[in-house]
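Just target.txt here, compact mmCIF, C-alpha atoms:
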```txt
# COMPACT_ATOMS: atom_id res chain seq x y z
CA MET A 25 57.11 -108.31 -131.76
CA ARG A 26 60.00 -110.74 -132.28
CA LEU A 27 63.06 -109.72 -134.27
CA GLY A 28 62.53 -112.35 -137.02
CA LEU A 29 58.98 -111.14 -137.62
CA HIS A 30 60.20 -107.54 -137.81
CA VAL A 31 62.79 -108.44 -140.43
CA ALA A 32 60.32 -110.53 -142.44
CA VAL A 33 57.80 -107.69 -142.57
CA VAL A 34 60.46 -105.21 -143.64
CA LEU A 35 61.75 -107.58 -146.34
CA VAL A 36 58.26 -108.10 -147.77
CA PHE A 37 57.70 -104.37 -148.02
CA ALA A 38 61.19 -103.85 -149.38
CA VAL A 39 60.80 -106.52 -152.11
CA ALA A 40 57.41 -105.10 -153.04
CA ALA A 41 58.95 -101.64 -153.29
CA ALA A 42 61.84 -102.96 -155.41
CA ILE A 43 59.45 -104.73 -157.82
CA THR A 44 57.40 -101.56 -158.11
CA VAL A 45 60.47 -99.45 -158.86
CA LEU A 46 61.79 -101.92 -161.44
CA GLY A 47 58.37 -102.05 -163.08
CA LEU A 48 58.28 -98.29 -163.34
CA LEU A 49 61.78 -98.28 -164.76
CA TRP A 50 60.74 -100.81 -167.36
CA LEU A 51 57.77 -98.73 -168.37
CA MET A 52 59.81 -95.56 -168.51
CA LEU A 53 62.88 -96.94 -170.22
CA GLY A 54 61.91 -100.14 -171.93
CA ALA A 55 58.31 -100.05 -173.06
CA PRO A 56 58.50 -96.75 -174.91
CA ARG A 57 61.56 -97.94 -176.84
CA VAL A 58 59.89 -101.23 -177.83
CA GLN A 59 56.87 -99.45 -179.23
CA GLY A 60 58.75 -96.51 -180.63
CA SER A 61 61.84 -95.70 -182.56
CA GLY A 62 64.17 -98.63 -181.84
CA PRO A 63 66.06 -100.75 -179.33
CA LEU A 64 67.42 -99.49 -175.99
CA LYS A 65 70.74 -97.78 -175.97
CA PRO A 66 73.55 -99.28 -173.84
CA GLY A 67 73.49 -96.17 -171.64
CA ASP A 68 69.81 -96.67 -170.83
CA THR A 69 70.41 -100.25 -169.67
CA HIS A 70 73.35 -99.14 -167.56
CA ASP A 71 71.26 -96.46 -165.85
CA ALA A 72 68.50 -98.94 -165.08
CA ILE A 73 70.97 -101.35 -163.51
CA LYS A 74 72.38 -98.56 -161.30
CA ILE A 75 68.92 -97.59 -160.13
CA ALA A 76 68.01 -101.20 -159.36
CA LEU A 77 71.22 -101.64 -157.34
CA ALA A 78 70.46 -98.45 -155.42
CA VAL A 79 67.02 -99.81 -154.57
CA VAL A 80 68.52 -103.10 -153.35
CA ALA A 81 71.08 -101.20 -151.27
CA GLY A 82 68.29 -99.12 -149.75
CA VAL A 83 66.40 -102.28 -148.84
CA GLY A 84 69.51 -103.67 -147.16
CA GLY A 85 69.95 -100.41 -145.25
CA VAL A 86 66.38 -100.53 -143.97
CA VAL A 87 66.89 -104.11 -142.78
CA ALA A 88 70.13 -103.10 -141.06
CA LEU A 89 68.38 -100.20 -139.31
CA VAL A 90 65.60 -102.48 -138.08
CA VAL A 91 68.09 -105.00 -136.74
CA ALA A 92 70.09 -102.25 -135.01
CA TYR A 93 66.94 -100.73 -133.49
CA ARG A 94 65.79 -104.09 -132.18
CA ARG A 95 69.22 -104.83 -130.76
CA GLN A 96 69.27 -101.46 -128.99
CA HIS A 97 65.75 -102.04 -127.67
CA LEU A 98 66.70 -105.44 -126.29
CA ASN A 99 69.84 -104.01 -124.71
CA GLU A 100 67.84 -101.20 -123.08
CA ALA A 101 65.31 -103.70 -121.74
CA ALA A 102 68.12 -105.81 -120.32
CA ASP A 103 69.67 -102.71 -118.74
CA ALA A 104 66.31 -101.74 -117.24
CA ARG A 105 65.88 -105.21 -115.74
CA GLU A 106 69.38 -105.07 -114.32
CA TYR A 107 68.76 -101.61 -112.85
CA GLU A 108 65.49 -102.79 -111.32
CA LYS A 109 67.37 -105.70 -109.78
CA VAL A 110 69.90 -103.26 -108.30
CA LEU A 111 67.10 -101.12 -106.84
CA VAL A 112 65.51 -104.18 -105.22
CA GLU A 113 68.86 -105.14 -103.73
CA ARG A 114 69.36 -101.60 -102.42
CA PHE A 115 65.89 -101.68 -100.86
CA GLY A 116 66.73 -104.91 -99.06
CA ALA A 117 70.05 -103.53 -97.84
CA ALA A 118 68.47 -100.28 -96.56
CA ALA A 119 65.68 -102.18 -94.82
CA GLU A 120 68.24 -104.44 -93.18
CA GLN A 121 70.18 -101.40 -91.97
CA LEU A 122 67.01 -99.93 -90.44
CA GLY A 123 66.64 -103.11 -88.42
CA ALA A 124 70.23 -103.18 -87.20
CA ALA A 125 71.15 -103.09 -83.54
CA GLN A 126 73.59 -100.19 -83.88
CA PRO A 127 71.88 -96.76 -84.04
CA ALA A 128 74.49 -95.39 -86.45
CA VAL A 129 73.66 -98.19 -88.90
CA ARG A 130 69.94 -97.49 -88.52
CA MET A 131 70.54 -93.82 -89.29
CA ALA A 132 72.53 -94.75 -92.39
CA GLY A 133 69.64 -96.99 -93.41
CA ALA A 134 67.24 -94.05 -93.11
CA TYR A 135 69.36 -91.97 -95.48
CA ALA A 136 69.73 -94.92 -97.86
CA MET A 137 65.96 -95.50 -97.95
CA ALA A 138 65.27 -91.81 -98.56
CA ARG A 139 67.82 -91.73 -101.40
CA LEU A 140 66.22 -94.81 -102.90
CA ALA A 141 62.78 -93.17 -102.71
CA ASP A 142 64.17 -90.24 -104.68
CA GLU A 143 65.44 -92.47 -107.47
CA TRP A 144 62.80 -95.23 -107.55
CA LEU A 145 59.69 -93.39 -108.68
CA GLN A 146 57.62 -96.54 -109.24
CA GLU A 147 58.12 -97.65 -105.62
CA ARG A 148 58.54 -94.30 -103.92
CA GLN A 149 55.42 -94.81 -101.82
CA MET A 150 56.77 -98.15 -100.58
CA CYS A 151 60.03 -96.54 -99.45
CA ILE A 152 58.13 -93.74 -97.68
CA ASP A 153 55.92 -96.36 -96.01
CA VAL A 154 59.01 -98.10 -94.61
CA LEU A 155 60.30 -94.86 -93.08
CA CYS A 156 56.90 -94.08 -91.58
CA GLY A 157 56.63 -97.68 -90.38
CA TYR A 158 59.88 -97.27 -88.46
CA LEU A 159 58.38 -94.28 -86.63
CA ARG A 160 55.28 -96.31 -85.77
CA MET A 161 57.33 -98.88 -83.89
CA PRO A 162 57.16 -98.61 -80.07
CA HIS A 163 59.34 -95.99 -78.46
CA ALA A 164 59.26 -94.72 -74.89
CA PRO A 165 57.98 -91.13 -74.96
CA ASP A 166 59.92 -90.02 -71.91
CA PRO A 167 63.64 -90.47 -71.20
CA PRO A 168 64.40 -93.21 -68.68
CA ILE A 169 65.71 -92.28 -65.24
CA ASP A 170 68.45 -94.91 -65.37
CA ASP A 171 71.60 -93.44 -66.92
CA GLN A 172 72.51 -96.75 -68.54
CA ALA A 173 69.16 -96.91 -70.35
CA LEU A 174 69.21 -93.19 -71.20
CA VAL A 175 72.01 -93.45 -73.78
CA PRO A 176 70.30 -95.98 -76.11
CA TRP A 177 67.04 -94.02 -75.72
CA GLN A 178 68.75 -90.82 -76.84
CA ARG A 179 70.38 -92.57 -79.79
CA GLU A 180 67.09 -94.08 -80.91
CA ARG A 181 65.49 -90.66 -80.61
CA GLU A 182 68.15 -89.21 -82.92
CA VAL A 183 67.33 -91.82 -85.55
CA ARG A 184 63.65 -90.89 -85.39
CA VAL A 185 64.37 -87.17 -85.53
CA THR A 186 66.54 -87.81 -88.60
CA ILE A 187 63.73 -89.66 -90.37
CA LEU A 188 61.23 -86.90 -89.59
CA GLY A 189 63.73 -84.34 -90.90
CA LEU A 190 64.14 -86.26 -94.16
CA ILE A 191 60.37 -86.45 -94.64
CA GLY A 192 59.86 -82.76 -93.88
CA ALA A 193 62.61 -81.68 -96.29
CA HIS A 194 60.99 -83.64 -99.12
CA LEU A 195 57.60 -81.94 -98.59
CA ARG A 196 58.85 -78.40 -99.25
CA ASP A 197 58.66 -76.67 -102.61
CA GLY A 198 61.98 -76.82 -104.40
CA ALA A 199 63.03 -80.19 -102.97
CA PRO A 200 65.25 -82.05 -105.49
CA ALA A 201 62.81 -84.97 -105.32
CA SER A 202 59.38 -84.01 -104.04
CA TRP A 203 57.32 -86.33 -101.87
CA GLN A 204 54.29 -84.05 -102.02
CA GLY A 205 51.12 -85.92 -102.85
CA TYR A 206 52.20 -89.19 -101.22
CA ASP A 207 50.59 -90.80 -98.17
CA LEU A 208 52.22 -90.43 -94.77
CA ASP A 209 51.08 -92.69 -91.94
CA PHE A 210 52.29 -91.81 -88.43
CA THR A 211 49.59 -93.78 -86.61
CA GLY A 212 50.56 -94.20 -82.96
CA ALA A 213 53.99 -92.63 -83.46
CA VAL A 214 55.76 -90.77 -80.67
CA LEU A 215 56.75 -87.32 -81.95
CA ASP A 216 58.81 -84.97 -79.84
CA GLU A 217 60.76 -83.04 -82.46
CA ALA A 218 59.76 -82.62 -86.09
CA ASP A 219 60.18 -79.76 -88.54
CA PHE A 220 57.44 -79.58 -91.17
CA ARG A 221 57.66 -75.82 -91.69
CA ARG A 222 56.84 -74.61 -95.23
CA ALA A 223 55.70 -78.10 -96.22
CA ARG A 224 52.85 -78.53 -98.66
CA PHE A 225 50.34 -81.30 -98.05
CA THR A 226 48.60 -81.85 -101.37
CA GLY A 227 46.02 -84.41 -102.24
CA ASP A 228 46.58 -87.47 -100.07
CA ASP A 229 46.12 -88.81 -96.53
CA ILE A 230 48.43 -87.56 -93.78
CA ILE A 231 47.67 -89.67 -90.70
CA PHE A 232 48.59 -88.79 -87.11
CA VAL A 233 45.83 -90.94 -85.59
CA LYS A 234 46.67 -91.83 -81.95
CA ALA A 235 50.03 -90.13 -82.29
CA LEU A 236 51.59 -88.88 -79.05
CA PHE A 237 53.12 -85.40 -79.14
CA VAL A 238 55.61 -84.80 -76.35
CA GLY A 239 58.31 -82.21 -75.99
CA HIS A 240 61.41 -82.28 -73.88
CA GLY A 241 62.93 -78.91 -73.12
CA ARG A 242 62.80 -76.72 -76.19
CA ASP A 243 61.93 -79.56 -78.55
CA GLN A 244 58.73 -79.14 -80.52
CA VAL A 245 56.73 -80.15 -83.57
CA VAL A 246 56.49 -77.31 -86.09
CA PHE A 247 53.98 -76.88 -88.91
CA ASP A 248 54.66 -73.16 -89.40
CA ASP A 249 53.76 -71.72 -92.85
CA VAL A 250 52.30 -75.04 -94.02
CA ASP A 251 49.59 -75.09 -96.68
CA PHE A 252 46.87 -77.70 -96.25
CA ALA A 253 45.56 -77.59 -99.81
CA GLU A 254 42.26 -78.66 -101.30
CA GLY A 255 41.78 -82.42 -101.31
CA THR A 256 44.20 -83.03 -98.44
CA CYS A 257 43.01 -85.00 -95.41
CA VAL A 258 45.14 -84.68 -92.28
CA TYR A 259 44.06 -86.79 -89.31
CA PHE A 260 44.97 -85.85 -85.74
CA ARG A 261 42.06 -87.96 -84.54
CA LEU A 262 42.58 -89.46 -81.08
CA ALA A 263 46.03 -87.89 -80.91
CA GLU A 264 47.34 -86.78 -77.53
CA PHE A 265 49.20 -83.50 -77.06
CA ARG A 266 50.88 -84.17 -73.74
CA SER A 267 53.73 -81.69 -73.41
CA GLY A 268 55.99 -79.34 -75.31
CA SER A 269 54.57 -77.24 -78.12
CA LEU A 270 52.88 -77.87 -81.44
CA ARG A 271 52.95 -74.87 -83.76
CA PHE A 272 50.61 -74.16 -86.65
CA ASN A 273 51.62 -70.49 -86.91
CA ARG A 274 50.70 -68.81 -90.21
CA VAL A 275 49.26 -72.06 -91.50
CA THR A 276 46.83 -71.78 -94.39
CA PHE A 277 43.78 -74.03 -94.40
CA SER A 278 42.79 -73.48 -98.03
CA GLY A 279 40.45 -76.37 -98.70
CA GLY A 280 41.83 -79.38 -96.92
CA TRP A 281 40.20 -81.32 -94.09
CA VAL A 282 42.26 -81.33 -90.90
CA THR A 283 40.57 -83.12 -88.02
CA PHE A 284 41.34 -83.01 -84.30
CA ASP A 285 38.20 -84.91 -83.30
CA HIS A 286 38.49 -86.74 -79.97
CA ALA A 287 42.05 -85.49 -79.58
CA ARG A 288 43.31 -84.94 -76.03
CA PHE A 289 45.07 -81.72 -75.10
CA THR A 290 46.57 -82.72 -71.76
CA GLY A 291 49.51 -80.36 -71.35
CA ALA A 292 50.94 -79.15 -74.66
CA GLN A 293 50.88 -75.59 -75.98
CA VAL A 294 49.14 -75.69 -79.38
CA ASN A 295 49.40 -72.47 -81.39
CA PHE A 296 47.37 -71.40 -84.40
CA ARG A 297 48.74 -67.86 -84.33
CA ASP A 298 48.06 -65.85 -87.50
CA ALA A 299 46.58 -68.96 -89.11
CA ALA A 300 44.28 -68.35 -92.07
CA PHE A 301 41.14 -70.48 -92.19
CA THR A 302 39.96 -69.70 -95.71
CA ALA A 303 38.28 -72.96 -96.80
CA GLY A 304 37.67 -76.50 -95.68
CA GLU A 305 36.89 -77.69 -92.16
CA VAL A 306 38.89 -78.14 -88.96
CA PRO A 307 36.75 -80.23 -86.58
CA PHE A 308 37.44 -80.57 -82.86
CA GLU A 309 34.34 -82.67 -82.04
CA GLY A 310 34.76 -84.60 -78.85
CA ALA A 311 38.18 -83.08 -78.17
CA GLU A 312 39.16 -82.90 -74.52
CA PHE A 313 41.11 -80.00 -73.04
CA SER A 314 42.42 -80.91 -69.61
CA GLY A 315 45.65 -78.93 -69.56
CA GLY A 316 47.90 -76.84 -71.74
CA SER A 317 46.40 -74.28 -74.11
CA VAL A 318 45.22 -73.68 -77.64
CA ASP A 319 46.04 -70.22 -78.95
CA PHE A 320 44.28 -68.63 -81.95
CA THR A 321 45.88 -65.18 -81.57
CA GLY A 322 45.72 -63.26 -84.85
CA ALA A 323 43.87 -66.03 -86.68
CA THR A 324 41.39 -65.15 -89.42
CA PHE A 325 38.24 -67.10 -90.21
CA THR A 326 37.01 -66.07 -93.65
CA GLY A 327 35.57 -69.23 -95.16
CA SER A 328 36.58 -72.23 -93.14
CA THR A 329 34.65 -73.93 -90.34
CA VAL A 330 36.42 -74.59 -87.06
CA ASN A 331 34.11 -77.05 -85.39
CA PHE A 332 33.91 -77.53 -81.62
CA GLY A 333 30.92 -79.86 -81.76
CA GLU A 334 27.69 -77.94 -81.36
CA HIS A 335 29.59 -74.67 -81.68
CA HIS A 336 31.31 -73.86 -84.93
CA LEU A 337 33.22 -70.91 -86.28
CA PRO A 338 31.60 -69.37 -88.24
CA SER A 339 28.74 -71.80 -88.92
CA VAL A 340 26.73 -73.76 -86.36
CA TYR A 341 25.57 -77.37 -86.48
CA THR A 342 23.94 -79.39 -83.72
CA THR A 343 24.48 -83.00 -84.80
CA VAL A 344 27.49 -83.83 -82.64
CA PRO A 345 28.33 -83.34 -78.94
CA PRO A 346 30.30 -80.26 -77.92
CA ALA A 347 33.99 -80.41 -77.06
CA LEU A 348 34.78 -80.84 -73.37
CA PHE A 349 36.82 -78.20 -71.55
CA ASN A 350 37.78 -79.42 -68.09
CA GLY A 351 40.63 -77.23 -66.95
CA GLY A 352 42.54 -76.21 -70.06
CA THR A 353 42.85 -72.82 -71.70
CA VAL A 354 41.44 -71.95 -75.10
CA ASP A 355 42.26 -68.41 -76.12
CA PHE A 356 40.06 -66.65 -78.71
CA SER A 357 40.72 -63.24 -77.21
CA GLN A 358 42.56 -61.81 -80.21
CA VAL A 359 40.93 -63.63 -83.09
CA ALA A 360 41.21 -61.13 -85.90
CA ASP A 361 38.15 -61.64 -88.04
CA PHE A 362 34.90 -63.55 -87.86
CA THR A 363 33.20 -63.34 -91.24
CA HIS A 364 30.01 -64.41 -89.46
CA PRO A 365 29.46 -63.64 -85.78
CA PRO A 366 29.55 -66.53 -83.29
CA GLN A 367 26.17 -67.99 -82.47
CA PHE A 368 24.42 -70.06 -79.83
CA GLY A 369 26.39 -68.95 -76.79
CA LEU A 370 29.94 -69.31 -78.14
CA GLN A 371 32.09 -67.00 -76.04
CA VAL A 372 35.22 -65.06 -76.91
CA MET A 373 37.25 -65.73 -73.77
CA PRO A 374 39.73 -63.37 -72.11
CA PRO A 375 43.42 -64.34 -72.13
CA GLY A 376 44.40 -67.14 -69.80
CA LEU A 377 40.88 -68.02 -68.69
CA ARG A 378 40.96 -71.46 -67.06
CA LEU A 379 37.69 -73.33 -66.98
CA PRO A 380 36.62 -75.44 -64.00
CA PRO A 381 36.51 -79.21 -64.46
CA ASP A 382 33.75 -80.66 -66.63
CA THR A 383 32.71 -77.29 -68.02
CA ASN A 384 31.21 -77.27 -71.49
CA ILE A 385 31.63 -74.26 -73.68
CA SER A 386 27.82 -74.02 -73.91
CA ASP A 387 27.65 -73.53 -70.13
CA LEU A 388 29.67 -70.35 -70.17
CA PRO A 389 27.79 -67.19 -69.07
```

For the structure just supplied, provide its representation as structure tokens.
Amino acid sequence: MRLGLHVAVVLVFAVAAAITVLGLLWLMLGAPRVQGSGPLKPGDTHDAIKIALAVVAGVGGVVALVVAYRRQHLNEAADAREYEKVLVERFGAAAEQLGAAQPAVRMAGAYAMARLADEWLQERQMCIDVLCGYLRMPHAPDPPIDDQALVPWQREREVRVTILGLIGAHLRDGAPASWQGYDLDFTGAVLDEADFRRARFTGDDIIFVKALFVGHGRDQVVFDDVDFAEGTCVYFRLAEFRSGSLRFNRVTFSGGWVTFDHARFTGAQVNFRDAAFTAGEVPFEGAEFSGGSVDFTGATFTGSTVNFGEHHLPSVYTTVPPALFNGGTVDFSQVADFTHPPQFGLQVMPPGLRLPPDTNISDLP
């Protein structure tokens, strides 16, 4: 509503109130005297004038308050527009830094974009998308042999590790600005070192589709003590676990949907040690194990379904093809608790059992 209209409405109500008050004063002070014992006394007229002036002053005060409120509102709106303009400019500057040739500038841009995401709630998802988009850009998974090319590769890797560290820190409880509940898209990203321990994935899509997990030396991707809560969908579909280690130790699957369907385990060590599968589903349909190992030591299955195609833990369905084991190791030797016993030929394998090529789990004796 425009300021002039505000003032006009207030004046109308104020004049109406003043007329009403003066009318009441007339009835109380004037009319009884006319009909009664005599004319008004000078003191009565003086009191009526003081009351009328007080009413007029009150009307002026109301108008002044309305004008001041509207002025403050307009100033706040102008400040908000100016602040929004500053945020847009900061976004452009951070994005430009992320595209710089110098790795130190790119790293500074990552911190600037993360700081902006903390402050710009309305566009937080956009800032997160930019950081994830950087990780989706092509990057050689293995260090080059040429020493001259190795240095820029290592520097680029440090930028990516920094971005993953910023994302992981914002997913933990107690983070100054939480990014829990926002989408994360790592489609096709190369991940060789990331710390997601104690993160909480709550309510949105976390996408690792076609991601490549590689580890160099002691580097690894860690999901230890993570809670995949109800409503969360985490996609490792078509991902490849080539080398290094991927840890899901003490992870709680408490209602989310975490899929490894058609993933390729070609050399990495994937651990689900002491994981608690209490609800939801973890499908491995069509997954291929051709190297490395998957370790479920100490895991408990008390309500969730871990699905290897035709063979599920603890339930069994027959609508999809079984997972293919052609030389890898899948260790169920120390699984702690099956609420329902395995069915339809699913075997609990001894430690370190290596299956011959093209062996299906249903073909085991």

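Here atom CA of A:Phe237 and atom CA of A:Gly212 stand 9.9 Å from one another.
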
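With atom CA of A:Asp209 on one side and atom CA of A:Phe232 on the other, the separation reads 6.7 Å.
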
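Closest approach to A:Gly322 from the set A:Ala173, A:Val185, A:Phe296, A:Ser269 is made by A:Phe296, with distances taken over all atoms listed in the file.
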
Selection near A:Val294, 12 Å with all atoms listed in the file, sequence-local residues under 5 positions removed, as a ChimeraX atom specification: /A:237-239,244-248,264-273,284,288-289,313,315-321,352-355

Using C-alpha atoms, can you write the selected residues to a file as a PDB file, in the frame of the given file?
```pdb
ATOM      1  CA  PHE A 237      53.120 -85.400 -79.140  1.00  0.00           C
ATOM      2  CA  VAL A 238      55.610 -84.800 -76.350  1.00  0.00           C
ATOM      3  CA  GLY A 239      58.310 -82.210 -75.990  1.00  0.00           C
ATOM      4  CA  GLN A 244      58.730 -79.140 -80.520  1.00  0.00           C
ATOM      5  CA  VAL A 245      56.730 -80.150 -83.570  1.00  0.00           C
ATOM      6  CA  VAL A 246      56.490 -77.310 -86.090  1.00  0.00           C
ATOM      7  CA  PHE A 247      53.980 -76.880 -88.910  1.00  0.00           C
ATOM      8  CA  ASP A 248      54.660 -73.160 -89.400  1.00  0.00           C
ATOM      9  CA  GLU A 264      47.340 -86.780 -77.530  1.00  0.00           C
ATOM     10  CA  PHE A 265      49.200 -83.500 -77.060  1.00  0.00           C
ATOM     11  CA  ARG A 266      50.880 -84.170 -73.740  1.00  0.00           C
ATOM     12  CA  SER A 267      53.730 -81.690 -73.410  1.00  0.00           C
ATOM     13  CA  GLY A 268      55.990 -79.340 -75.310  1.00  0.00           C
ATOM     14  CA  SER A 269      54.570 -77.240 -78.120  1.00  0.00           C
ATOM     15  CA  LEU A 270      52.880 -77.870 -81.440  1.00  0.00           C
ATOM     16  CA  ARG A 271      52.950 -74.870 -83.760  1.00  0.00           C
ATOM     17  CA  PHE A 272      50.610 -74.160 -86.650  1.00  0.00           C
ATOM     18  CA  ASN A 273      51.620 -70.490 -86.910  1.00  0.00           C
ATOM     19  CA  PHE A 284      41.340 -83.010 -84.300  1.00  0.00           C
ATOM     20  CA  ARG A 288      43.310 -84.940 -76.030  1.00  0.00           C
ATOM     21  CA  PHE A 289      45.070 -81.720 -75.100  1.00  0.00           C
ATOM     22  CA  PHE A 313      41.110 -80.000 -73.040  1.00  0.00           C
ATOM     23  CA  GLY A 315      45.650 -78.930 -69.560  1.00  0.00           C
ATOM     24  CA  GLY A 316      47.900 -76.840 -71.740  1.00  0.00           C
ATOM     25  CA  SER A 317      46.400 -74.280 -74.110  1.00  0.00           C
ATOM     26  CA  VAL A 318      45.220 -73.680 -77.640  1.00  0.00           C
ATOM     27  CA  ASP A 319      46.040 -70.220 -78.950  1.00  0.00           C
ATOM     28  CA  PHE A 320      44.280 -68.630 -81.950  1.00  0.00           C
ATOM     29  CA  THR A 321      45.880 -65.180 -81.570  1.00  0.00           C
ATOM     30  CA  GLY A 352      42.540 -76.210 -70.060  1.00  0.00           C
ATOM     31  CA  THR A 353      42.850 -72.820 -71.700  1.00  0.00           C
ATOM     32  CA  VAL A 354      41.440 -71.950 -75.100  1.00  0.00           C
ATOM     33  CA  ASP A 355      42.260 -68.410 -76.120  1.00  0.00           C
TER      34      ASP A 355
END
```

Pairwise distance for atom CA of A:Ala125 and atom CA of A:Trp177, rounded to one decimal in Å: 12.7 Å
